[in-house]
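Okay, coords_25.csv now, which holds CSV, C-alpha atoms:
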```csv
chain,number,residue,atom,x,y,z
A,1,MET,CA,132.4,109.4,158.6
A,2,GLU,CA,130.9,110.5,155.4
A,3,GLN,CA,130.1,114.1,155.4
A,4,LYS,CA,126.5,114.7,154.5
A,5,GLU,CA,125.9,117.4,151.9
A,6,GLU,CA,123.4,120.0,152.9
A,7,ILE,CA,120.9,120.7,150.3
A,8,GLU,CA,119.2,124.0,150.4
A,9,TYR,CA,115.6,124.2,149.2
A,10,GLN,CA,114.3,127.4,148.0
A,11,VAL,CA,110.6,127.7,148.9
A,12,LYS,CA,108.5,130.2,147.1
A,13,GLU,CA,105.2,131.4,148.6
A,14,TYR,CA,102.3,132.4,146.5
A,15,PRO,CA,99.1,134.1,147.7
A,16,ILE,CA,96.2,131.6,147.6
A,17,ASP,CA,94.1,133.8,145.4
A,18,SER,CA,96.7,133.7,142.7
A,19,LEU,CA,96.3,130.0,142.1
A,20,TRP,CA,93.1,130.6,140.3
A,21,GLY,CA,93.7,134.0,138.9
A,22,LYS,CA,93.7,135.0,135.3
A,23,GLU,CA,97.5,135.0,135.3
A,24,THR,CA,97.6,131.2,136.1
A,25,LEU,CA,99.2,129.2,133.3
A,26,ALA,CA,98.5,125.5,132.5
A,27,ILE,CA,101.7,123.8,131.7
A,28,PRO,CA,101.2,120.6,129.6
A,29,GLN,CA,103.1,117.4,130.4
A,30,THR,CA,106.6,117.1,128.9
A,31,GLY,CA,106.7,115.7,125.4
A,32,TYR,CA,102.9,116.2,124.7
A,33,THR,CA,100.9,119.0,123.3
A,34,ARG,CA,97.2,119.6,123.1
A,35,GLY,CA,97.3,119.2,119.4
A,36,GLY,CA,99.4,115.9,119.7
A,37,ILE,CA,96.9,114.5,122.2
A,38,GLN,CA,94.0,115.4,119.9
A,39,GLU,CA,95.7,113.9,116.9
A,40,MET,CA,96.5,110.7,118.8
A,41,ASP,CA,92.8,110.4,119.9
A,42,GLU,CA,91.6,110.9,116.3
A,43,ASN,CA,94.0,108.2,115.0
A,44,SER,CA,92.8,105.8,117.7
A,45,TYR,CA,89.2,106.4,116.8
A,46,PHE,CA,90.1,106.0,113.1
A,47,SER,CA,92.0,102.7,113.7
A,48,SER,CA,89.0,101.4,115.8
A,49,ALA,CA,86.7,102.3,112.9
A,50,ILE,CA,88.9,100.4,110.5
A,51,VAL,CA,88.9,97.3,112.7
A,52,LEU,CA,85.2,97.4,113.1
A,53,ILE,CA,84.6,97.8,109.3
A,54,ILE,CA,86.9,94.9,108.5
A,55,THR,CA,85.3,92.7,111.2
A,56,ILE,CA,81.8,93.4,109.8
A,57,LEU,CA,82.8,92.8,106.2
A,58,LEU,CA,84.6,89.5,106.9
A,59,THR,CA,81.7,88.4,109.1
A,60,LEU,CA,79.1,89.1,106.4
A,61,SER,CA,81.2,87.3,103.7
A,62,PHE,CA,82.0,84.3,105.9
A,63,ARG,CA,79.7,81.9,104.0
A,64,ASN,CA,81.0,83.0,100.7
A,65,THR,CA,84.6,82.6,101.9
A,66,VAL,CA,84.0,79.1,103.1
A,67,LYS,CA,82.5,78.0,99.8
A,68,ILE,CA,84.7,79.7,97.3
A,69,LEU,CA,88.1,80.0,99.0
A,70,PRO,CA,89.0,76.3,98.9
A,71,LEU,CA,88.3,76.2,95.1
A,72,ILE,CA,90.5,79.3,94.6
A,73,PHE,CA,93.4,77.6,96.5
A,74,LYS,CA,93.0,74.5,94.4
A,75,ALA,CA,92.9,76.6,91.2
A,76,ALA,CA,96.4,77.8,91.9
A,77,PHE,CA,97.6,74.3,91.3
A,78,ARG,CA,95.0,73.1,88.7
A,79,TYR,CA,93.5,75.2,86.0
A,80,GLY,CA,90.3,73.2,85.8
A,81,TYR,CA,89.1,74.7,89.1
A,82,HIS,CA,89.0,78.1,87.5
A,83,VAL,CA,86.7,76.7,84.8
A,84,LYS,CA,84.6,75.0,87.5
A,85,ILE,CA,84.0,78.3,89.2
A,86,GLU,CA,83.0,80.1,86.0
A,87,ASN,CA,80.6,77.3,85.0
A,88,ARG,CA,78.4,77.8,88.1
A,89,LEU,CA,76.5,81.0,88.5
A,90,THR,CA,76.2,80.7,92.3
A,91,LEU,CA,80.0,80.4,92.6
A,92,VAL,CA,80.5,83.4,90.3
A,93,LYS,CA,78.3,85.6,92.4
A,94,GLN,CA,80.0,84.5,95.6
A,95,ARG,CA,83.4,85.1,94.1
A,96,ASN,CA,82.4,88.6,92.8
A,97,ILE,CA,81.2,89.6,96.3
A,98,LEU,CA,84.3,88.3,97.9
A,99,VAL,CA,86.7,90.0,95.6
A,100,PHE,CA,84.9,93.3,96.3
A,101,ILE,CA,85.2,92.8,100.0
A,102,SER,CA,88.8,91.6,99.7
A,103,ALA,CA,89.8,94.8,97.9
A,104,ILE,CA,88.3,97.0,100.6
A,105,CYS,CA,89.7,95.0,103.5
A,106,LEU,CA,93.2,94.7,102.0
A,107,SER,CA,93.3,98.5,101.5
A,108,LEU,CA,92.1,99.1,105.1
A,109,LEU,CA,94.6,96.6,106.6
A,110,ILE,CA,97.5,98.4,104.8
A,111,THR,CA,96.2,101.7,106.2
A,112,LEU,CA,95.9,100.2,109.7
A,113,PHE,CA,99.4,98.7,109.9
A,114,ALA,CA,101.5,100.9,107.5
A,115,GLY,CA,99.3,104.0,107.0
A,116,GLU,CA,101.3,106.3,109.3
A,117,TYR,CA,104.5,105.3,107.6
A,118,ILE,CA,103.1,105.9,104.1
A,119,SER,CA,101.7,109.3,105.3
A,120,GLU,CA,105.0,110.4,106.6
A,121,ARG,CA,106.9,109.0,103.6
A,122,TRP,CA,104.8,111.0,101.1
A,123,ASN,CA,103.8,113.9,103.5
A,124,ILE,CA,100.1,113.4,103.2
A,125,THR,CA,97.3,112.9,105.8
A,126,ILE,CA,96.2,109.4,107.0
A,127,PHE,CA,92.8,110.1,105.4
A,128,THR,CA,94.3,110.9,102.0
A,129,THR,CA,96.4,107.7,102.3
A,130,THR,CA,93.3,105.7,103.0
A,131,ALA,CA,91.5,107.2,100.0
A,132,TYR,CA,94.4,106.4,97.6
A,133,LEU,CA,94.7,102.9,98.9
A,134,LEU,CA,90.9,102.3,98.5
A,135,LEU,CA,90.8,103.9,95.0
A,136,SER,CA,93.9,102.1,93.6
A,137,PRO,CA,92.4,98.6,93.2
A,138,PHE,CA,89.2,100.0,91.8
A,139,LEU,CA,91.0,102.2,89.3
A,140,TYR,CA,93.1,99.2,88.3
A,141,TRP,CA,89.9,97.1,87.8
A,142,VAL,CA,88.1,99.8,85.7
A,143,PHE,CA,91.2,100.4,83.6
A,144,LYS,CA,91.9,96.7,83.0
A,145,THR,CA,88.2,95.8,82.3
A,146,ALA,CA,88.0,98.5,79.7
A,147,ILE,CA,91.1,97.2,77.9
A,148,LEU,CA,89.9,93.6,78.1
A,149,ARG,CA,86.6,94.5,76.5
A,150,LEU,CA,88.4,96.4,73.8
A,151,PHE,CA,90.5,93.4,73.1
A,152,SER,CA,87.5,91.1,73.0
A,153,TRP,CA,85.8,93.5,70.6
A,154,ALA,CA,88.9,93.7,68.4
A,155,VAL,CA,89.4,89.9,68.0
A,156,ARG,CA,85.7,89.1,68.3
A,157,GLU,CA,86.2,86.6,71.0
A,158,LYS,CA,84.7,87.2,74.4
A,159,LYS,CA,85.0,84.0,76.4
A,160,GLY,CA,88.8,83.6,76.4
A,161,ILE,CA,89.6,87.3,76.9
A,162,LEU,CA,87.1,87.9,79.6
A,163,MET,CA,88.1,84.6,81.3
A,164,VAL,CA,91.5,86.3,81.9
A,165,GLY,CA,89.9,89.1,84.0
A,166,LYS,CA,87.8,86.6,86.0
A,167,ILE,CA,90.9,84.6,86.8
A,168,GLY,CA,92.5,87.8,88.1
A,169,TYR,CA,89.6,88.1,90.6
A,170,ASN,CA,90.5,84.7,92.0
A,171,TYR,CA,94.1,85.5,92.5
A,172,PHE,CA,93.3,88.8,94.2
A,173,ILE,CA,91.2,87.0,96.7
A,174,LEU,CA,94.0,84.5,97.2
A,175,LEU,CA,96.5,87.3,97.7
A,176,PHE,CA,94.3,89.0,100.3
A,177,PHE,CA,93.9,85.8,102.5
A,178,MET,CA,97.6,85.1,102.2
A,179,THR,CA,98.5,88.5,103.5
A,180,ILE,CA,96.4,88.1,106.7
A,181,PRO,CA,99.2,86.2,108.6
A,182,LEU,CA,101.6,89.0,107.8
A,183,PHE,CA,99.2,91.5,109.4
A,184,PHE,CA,98.8,89.3,112.5
A,185,LEU,CA,102.5,89.1,112.9
A,186,SER,CA,102.6,92.9,112.8
A,187,ILE,CA,100.5,93.0,115.9
A,188,ILE,CA,103.5,91.6,117.9
A,189,PRO,CA,105.5,94.6,119.1
A,190,HIS,CA,108.8,95.2,117.3
A,191,PHE,CA,108.4,92.0,115.3
A,192,ILE,CA,107.8,93.5,111.8
A,193,SER,CA,108.4,97.1,111.1
A,194,PRO,CA,106.1,99.0,108.6
A,195,VAL,CA,109.0,99.0,106.0
A,196,LEU,CA,109.5,95.2,106.3
A,197,LEU,CA,105.7,94.7,106.2
A,198,ILE,CA,105.4,96.7,102.9
A,199,ASN,CA,108.4,94.9,101.4
A,200,SER,CA,106.9,91.5,102.4
A,201,LEU,CA,103.6,92.5,100.8
A,202,ILE,CA,105.3,93.5,97.6
A,203,ILE,CA,107.2,90.2,97.4
A,204,LEU,CA,104.1,88.2,98.1
A,205,SER,CA,102.1,90.2,95.6
A,206,LEU,CA,104.7,89.6,92.9
A,207,SER,CA,104.8,85.9,93.6
A,208,VAL,CA,101.0,85.6,93.3
A,209,TYR,CA,101.1,87.8,90.2
A,210,VAL,CA,103.6,85.5,88.5
A,211,ILE,CA,101.3,82.6,89.0
A,212,TYR,CA,98.5,84.6,87.6
A,213,LEU,CA,100.5,85.5,84.5
A,214,VAL,CA,101.1,81.8,83.9
A,215,ARG,CA,97.4,81.2,84.1
A,216,THR,CA,96.7,84.0,81.7
A,217,PHE,CA,99.1,82.5,79.2
A,218,GLN,CA,97.4,79.2,79.5
A,219,THR,CA,94.0,80.8,79.0
A,220,ILE,CA,95.1,82.7,75.9
A,221,ASN,CA,96.9,79.6,74.5
A,222,LEU,CA,93.7,77.6,75.0
A,223,ALA,CA,91.8,80.2,73.0
A,224,ARG,CA,94.3,79.6,70.1
A,225,PHE,CA,95.8,83.1,70.1
A,226,SER,CA,99.4,83.7,69.0
A,227,HIS,CA,102.4,84.5,71.3
A,228,PHE,CA,102.5,87.9,69.7
A,229,PHE,CA,98.9,88.5,71.0
A,230,TYR,CA,100.0,87.5,74.5
A,231,ILE,CA,102.9,89.9,74.4
A,232,LEU,CA,100.5,92.6,73.2
A,233,TYR,CA,98.0,91.7,76.0
A,234,LEU,CA,100.8,91.9,78.6
A,235,CYS,CA,101.8,95.4,77.5
A,236,ALA,CA,98.3,96.8,77.3
A,237,ALA,CA,96.3,95.0,80.0
A,238,GLU,CA,99.0,94.2,82.6
A,239,LEU,CA,101.9,96.6,82.4
A,240,LEU,CA,100.0,99.8,81.4
A,241,PRO,CA,97.6,99.8,84.4
A,242,LEU,CA,100.4,99.0,86.8
A,243,LEU,CA,102.6,101.8,85.4
A,244,PHE,CA,99.6,104.1,85.7
A,245,ILE,CA,99.1,103.3,89.4
A,246,ILE,CA,102.8,103.6,90.1
A,247,LYS,CA,102.9,107.0,88.4
A,248,LEU,CA,99.9,108.1,90.5
A,249,ILE,CA,101.5,107.0,93.7
A,250,SER,CA,104.9,108.4,92.9
A,251,GLY,CA,103.2,111.7,92.0
A,252,VAL,CA,101.6,112.1,95.5
```

Write the structure described by the file as structure tokens, please.
Amino acid sequence: MEQKEEIEYQVKEYPIDSLWGKETLAIPQTGYTRGGIQEMDENSYFSSAIVLIITILLTLSFRNTVKILPLIFKAAFRYGYHVKIENRLTLVKQRNILVFISAICLSLLITLFAGEYISERWNITIFTTTAYLLLSPFLYWVFKTAILRLFSWAVREKKGILMVGKIGYNYFILLFFMTIPLFFLSIIPHFISPVLLINSLIILSLSVYVIYLVRTFQTINLARFSHFFYILYLCAAELLPLLFIIKLISGV
């Protein structure tokens, strides 16, 4: 027969009045601290606010999306659709509203799905990360618009040069809606890590950017500018703003 081991239990008795005395200590659950719980609650509220903002913005821009997005997809394969958009004032207004909303939503989506990774990677708060992500596309837009206007003043030709910037709006919208499936896949647990998500976003952005550069070359060529001018444009209006943003991010 198996010999049963006797286990001795040591029972400590405490006076009932000591349970609520001033010496009583509250021991938190293992692995959690009060600060950690508070921080987790703040992040939950912050994530919920981001989802709500994105939902409201996309709902308000639904009509613009339905009208302008099919033309932008077609323009990726046929240059004439870019011209068609610019020739109709209604489409231009819808496109400008949609690119503004796309910039905000894309920044907020990156914050929602990869914000914590970026915060830990650069040792900054999630709110600072959100601010940088929101400011980056608008800084890029201001910087590039100033350079394009300087170019148009220098060569005394507005239509062709400014057309390049307007085509850039179309491809930014295209990029935003192409990234949405990636974010949906990130919802699946352990399917896409934040690192893989960021790398996928970079690859997708570069792919759309290459198509955009082909369209800019076509636009400048149609305006009868030389290849040297195109190289000068690439260095000043494309590479310089990107290097500025990369320097800003790496300096965080």

Please identify all polymer residues within 12 Å of Met163 (chain A), counting all atoms listed in the file, omitting same-chain residues fewer than 6 positions from it, and present them as a PDB file with C-alpha atoms, in the coordinates of the input.
```pdb
ATOM      1  CA  TYR A  79      93.500  75.200  86.000  1.00  0.00           C
ATOM      2  CA  HIS A  82      89.000  78.100  87.500  1.00  0.00           C
ATOM      3  CA  VAL A  83      86.700  76.700  84.800  1.00  0.00           C
ATOM      4  CA  LYS A  84      84.600  75.000  87.500  1.00  0.00           C
ATOM      5  CA  ILE A  85      84.000  78.300  89.200  1.00  0.00           C
ATOM      6  CA  GLU A  86      83.000  80.100  86.000  1.00  0.00           C
ATOM      7  CA  ASN A  87      80.600  77.300  85.000  1.00  0.00           C
ATOM      8  CA  VAL A  92      80.500  83.400  90.300  1.00  0.00           C
ATOM      9  CA  THR A 145      88.200  95.800  82.300  1.00  0.00           C
ATOM     10  CA  LEU A 148      89.900  93.600  78.100  1.00  0.00           C
ATOM     11  CA  ARG A 149      86.600  94.500  76.500  1.00  0.00           C
ATOM     12  CA  SER A 152      87.500  91.100  73.000  1.00  0.00           C
ATOM     13  CA  GLU A 157      86.200  86.600  71.000  1.00  0.00           C
ATOM     14  CA  TYR A 169      89.600  88.100  90.600  1.00  0.00           C
ATOM     15  CA  ASN A 170      90.500  84.700  92.000  1.00  0.00           C
ATOM     16  CA  ARG A 215      97.400  81.200  84.100  1.00  0.00           C
ATOM     17  CA  THR A 216      96.700  84.000  81.700  1.00  0.00           C
ATOM     18  CA  PHE A 217      99.100  82.500  79.200  1.00  0.00           C
ATOM     19  CA  GLN A 218      97.400  79.200  79.500  1.00  0.00           C
ATOM     20  CA  THR A 219      94.000  80.800  79.000  1.00  0.00           C
ATOM     21  CA  ILE A 220      95.100  82.700  75.900  1.00  0.00           C
ATOM     22  CA  LEU A 222      93.700  77.600  75.000  1.00  0.00           C
ATOM     23  CA  ALA A 223      91.800  80.200  73.000  1.00  0.00           C
TER      24      ALA A 223
END
```

Quick one: residues within 8 Å of region 125-134 of chain A, all atoms listed in the file counted, chain neighbours fewer than 4 positions away excluded, as a PyMOL selection string? chain A and resi 103-104+107-108+110-111+115-116+118-119+138

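CA of Val214 (chain A) is positioned 15.1 Å from CA of Ser226 (chain A).
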
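A straight line drawn from CA of Phe177 (chain A) to CA of Leu213 (chain A) is 19.2 Å long.
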
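With distances taken over all atoms listed in the file, A:Tyr233 is the one residue among A:Phe176, A:Phe46, A:Tyr233, A:Tyr117 lying closest to Leu150 (chain A).
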
Please measure the separation of CA of Phe113 (chain A) and CA of Phe62 (chain A), giving the value in Å to one decimal. 22.9 Å

Rebuild N, CA and C atoms on region 162-177 of chain A, as a PDB file, in the coordinates of the input?
```pdb
ATOM      1  N   LEU A 162      87.696  87.517  78.371  1.00  0.00           N
ATOM      2  CA  LEU A 162      87.100  87.900  79.600  1.00  0.00           C
ATOM      3  C   LEU A 162      87.398  86.865  80.737  1.00  0.00           C
ATOM      4  N   MET A 163      87.743  85.646  80.351  1.00  0.00           N
ATOM      5  CA  MET A 163      88.100  84.600  81.300  1.00  0.00           C
ATOM      6  C   MET A 163      89.430  85.066  82.045  1.00  0.00           C
ATOM      7  N   VAL A 164      90.283  85.783  81.327  1.00  0.00           N
ATOM      8  CA  VAL A 164      91.500  86.300  81.900  1.00  0.00           C
ATOM      9  C   VAL A 164      91.227  87.209  83.092  1.00  0.00           C
ATOM     10  N   GLY A 165      90.273  88.133  82.891  1.00  0.00           N
ATOM     11  CA  GLY A 165      89.900  89.100  84.000  1.00  0.00           C
ATOM     12  C   GLY A 165      89.285  88.355  85.148  1.00  0.00           C
ATOM     13  N   LYS A 166      88.468  87.324  84.876  1.00  0.00           N
ATOM     14  CA  LYS A 166      87.800  86.600  86.000  1.00  0.00           C
ATOM     15  C   LYS A 166      88.835  85.779  86.768  1.00  0.00           C
ATOM     16  N   ILE A 167      89.848  85.261  86.088  1.00  0.00           N
ATOM     17  CA  ILE A 167      90.900  84.600  86.800  1.00  0.00           C
ATOM     18  C   ILE A 167      91.668  85.528  87.706  1.00  0.00           C
ATOM     19  N   GLY A 168      91.806  86.770  87.239  1.00  0.00           N
ATOM     20  CA  GLY A 168      92.500  87.800  88.100  1.00  0.00           C
ATOM     21  C   GLY A 168      91.727  88.037  89.374  1.00  0.00           C
ATOM     22  N   TYR A 169      90.380  87.950  89.371  1.00  0.00           N
ATOM     23  CA  TYR A 169      89.600  88.100  90.600  1.00  0.00           C
ATOM     24  C   TYR A 169      90.017  87.007  91.613  1.00  0.00           C
ATOM     25  N   ASN A 170      90.152  85.780  91.104  1.00  0.00           N
ATOM     26  CA  ASN A 170      90.500  84.700  92.000  1.00  0.00           C
ATOM     27  C   ASN A 170      91.829  84.858  92.676  1.00  0.00           C
ATOM     28  N   TYR A 171      92.815  85.353  91.924  1.00  0.00           N
ATOM     29  CA  TYR A 171      94.100  85.500  92.500  1.00  0.00           C
ATOM     30  C   TYR A 171      94.233  86.728  93.426  1.00  0.00           C
ATOM     31  N   PHE A 172      93.366  87.708  93.214  1.00  0.00           N
ATOM     32  CA  PHE A 172      93.300  88.800  94.200  1.00  0.00           C
ATOM     33  C   PHE A 172      92.786  88.372  95.500  1.00  0.00           C
ATOM     34  N   ILE A 173      91.739  87.544  95.462  1.00  0.00           N
ATOM     35  CA  ILE A 173      91.200  87.000  96.700  1.00  0.00           C
ATOM     36  C   ILE A 173      92.266  86.136  97.396  1.00  0.00           C
ATOM     37  N   LEU A 174      92.965  85.326  96.607  1.00  0.00           N
ATOM     38  CA  LEU A 174      94.000  84.500  97.200  1.00  0.00           C
ATOM     39  C   LEU A 174      95.104  85.347  97.818  1.00  0.00           C
ATOM     40  N   LEU A 175      95.487  86.428  97.165  1.00  0.00           N
ATOM     41  CA  LEU A 175      96.500  87.300  97.700  1.00  0.00           C
ATOM     42  C   LEU A 175      96.045  87.924  99.035  1.00  0.00           C
ATOM     43  N   PHE A 176      94.793  88.361  99.105  1.00  0.00           N
ATOM     44  CA  PHE A 176      94.300  89.000 100.300  1.00  0.00           C
ATOM     45  C   PHE A 176      94.376  88.009 101.515  1.00  0.00           C
ATOM     46  N   PHE A 177      93.928  86.780 101.343  1.00  0.00           N
ATOM     47  CA  PHE A 177      93.900  85.800 102.500  1.00  0.00           C
ATOM     48  C   PHE A 177      95.337  85.353 102.805  1.00  0.00           C
TER      49      PHE A 177
END
```
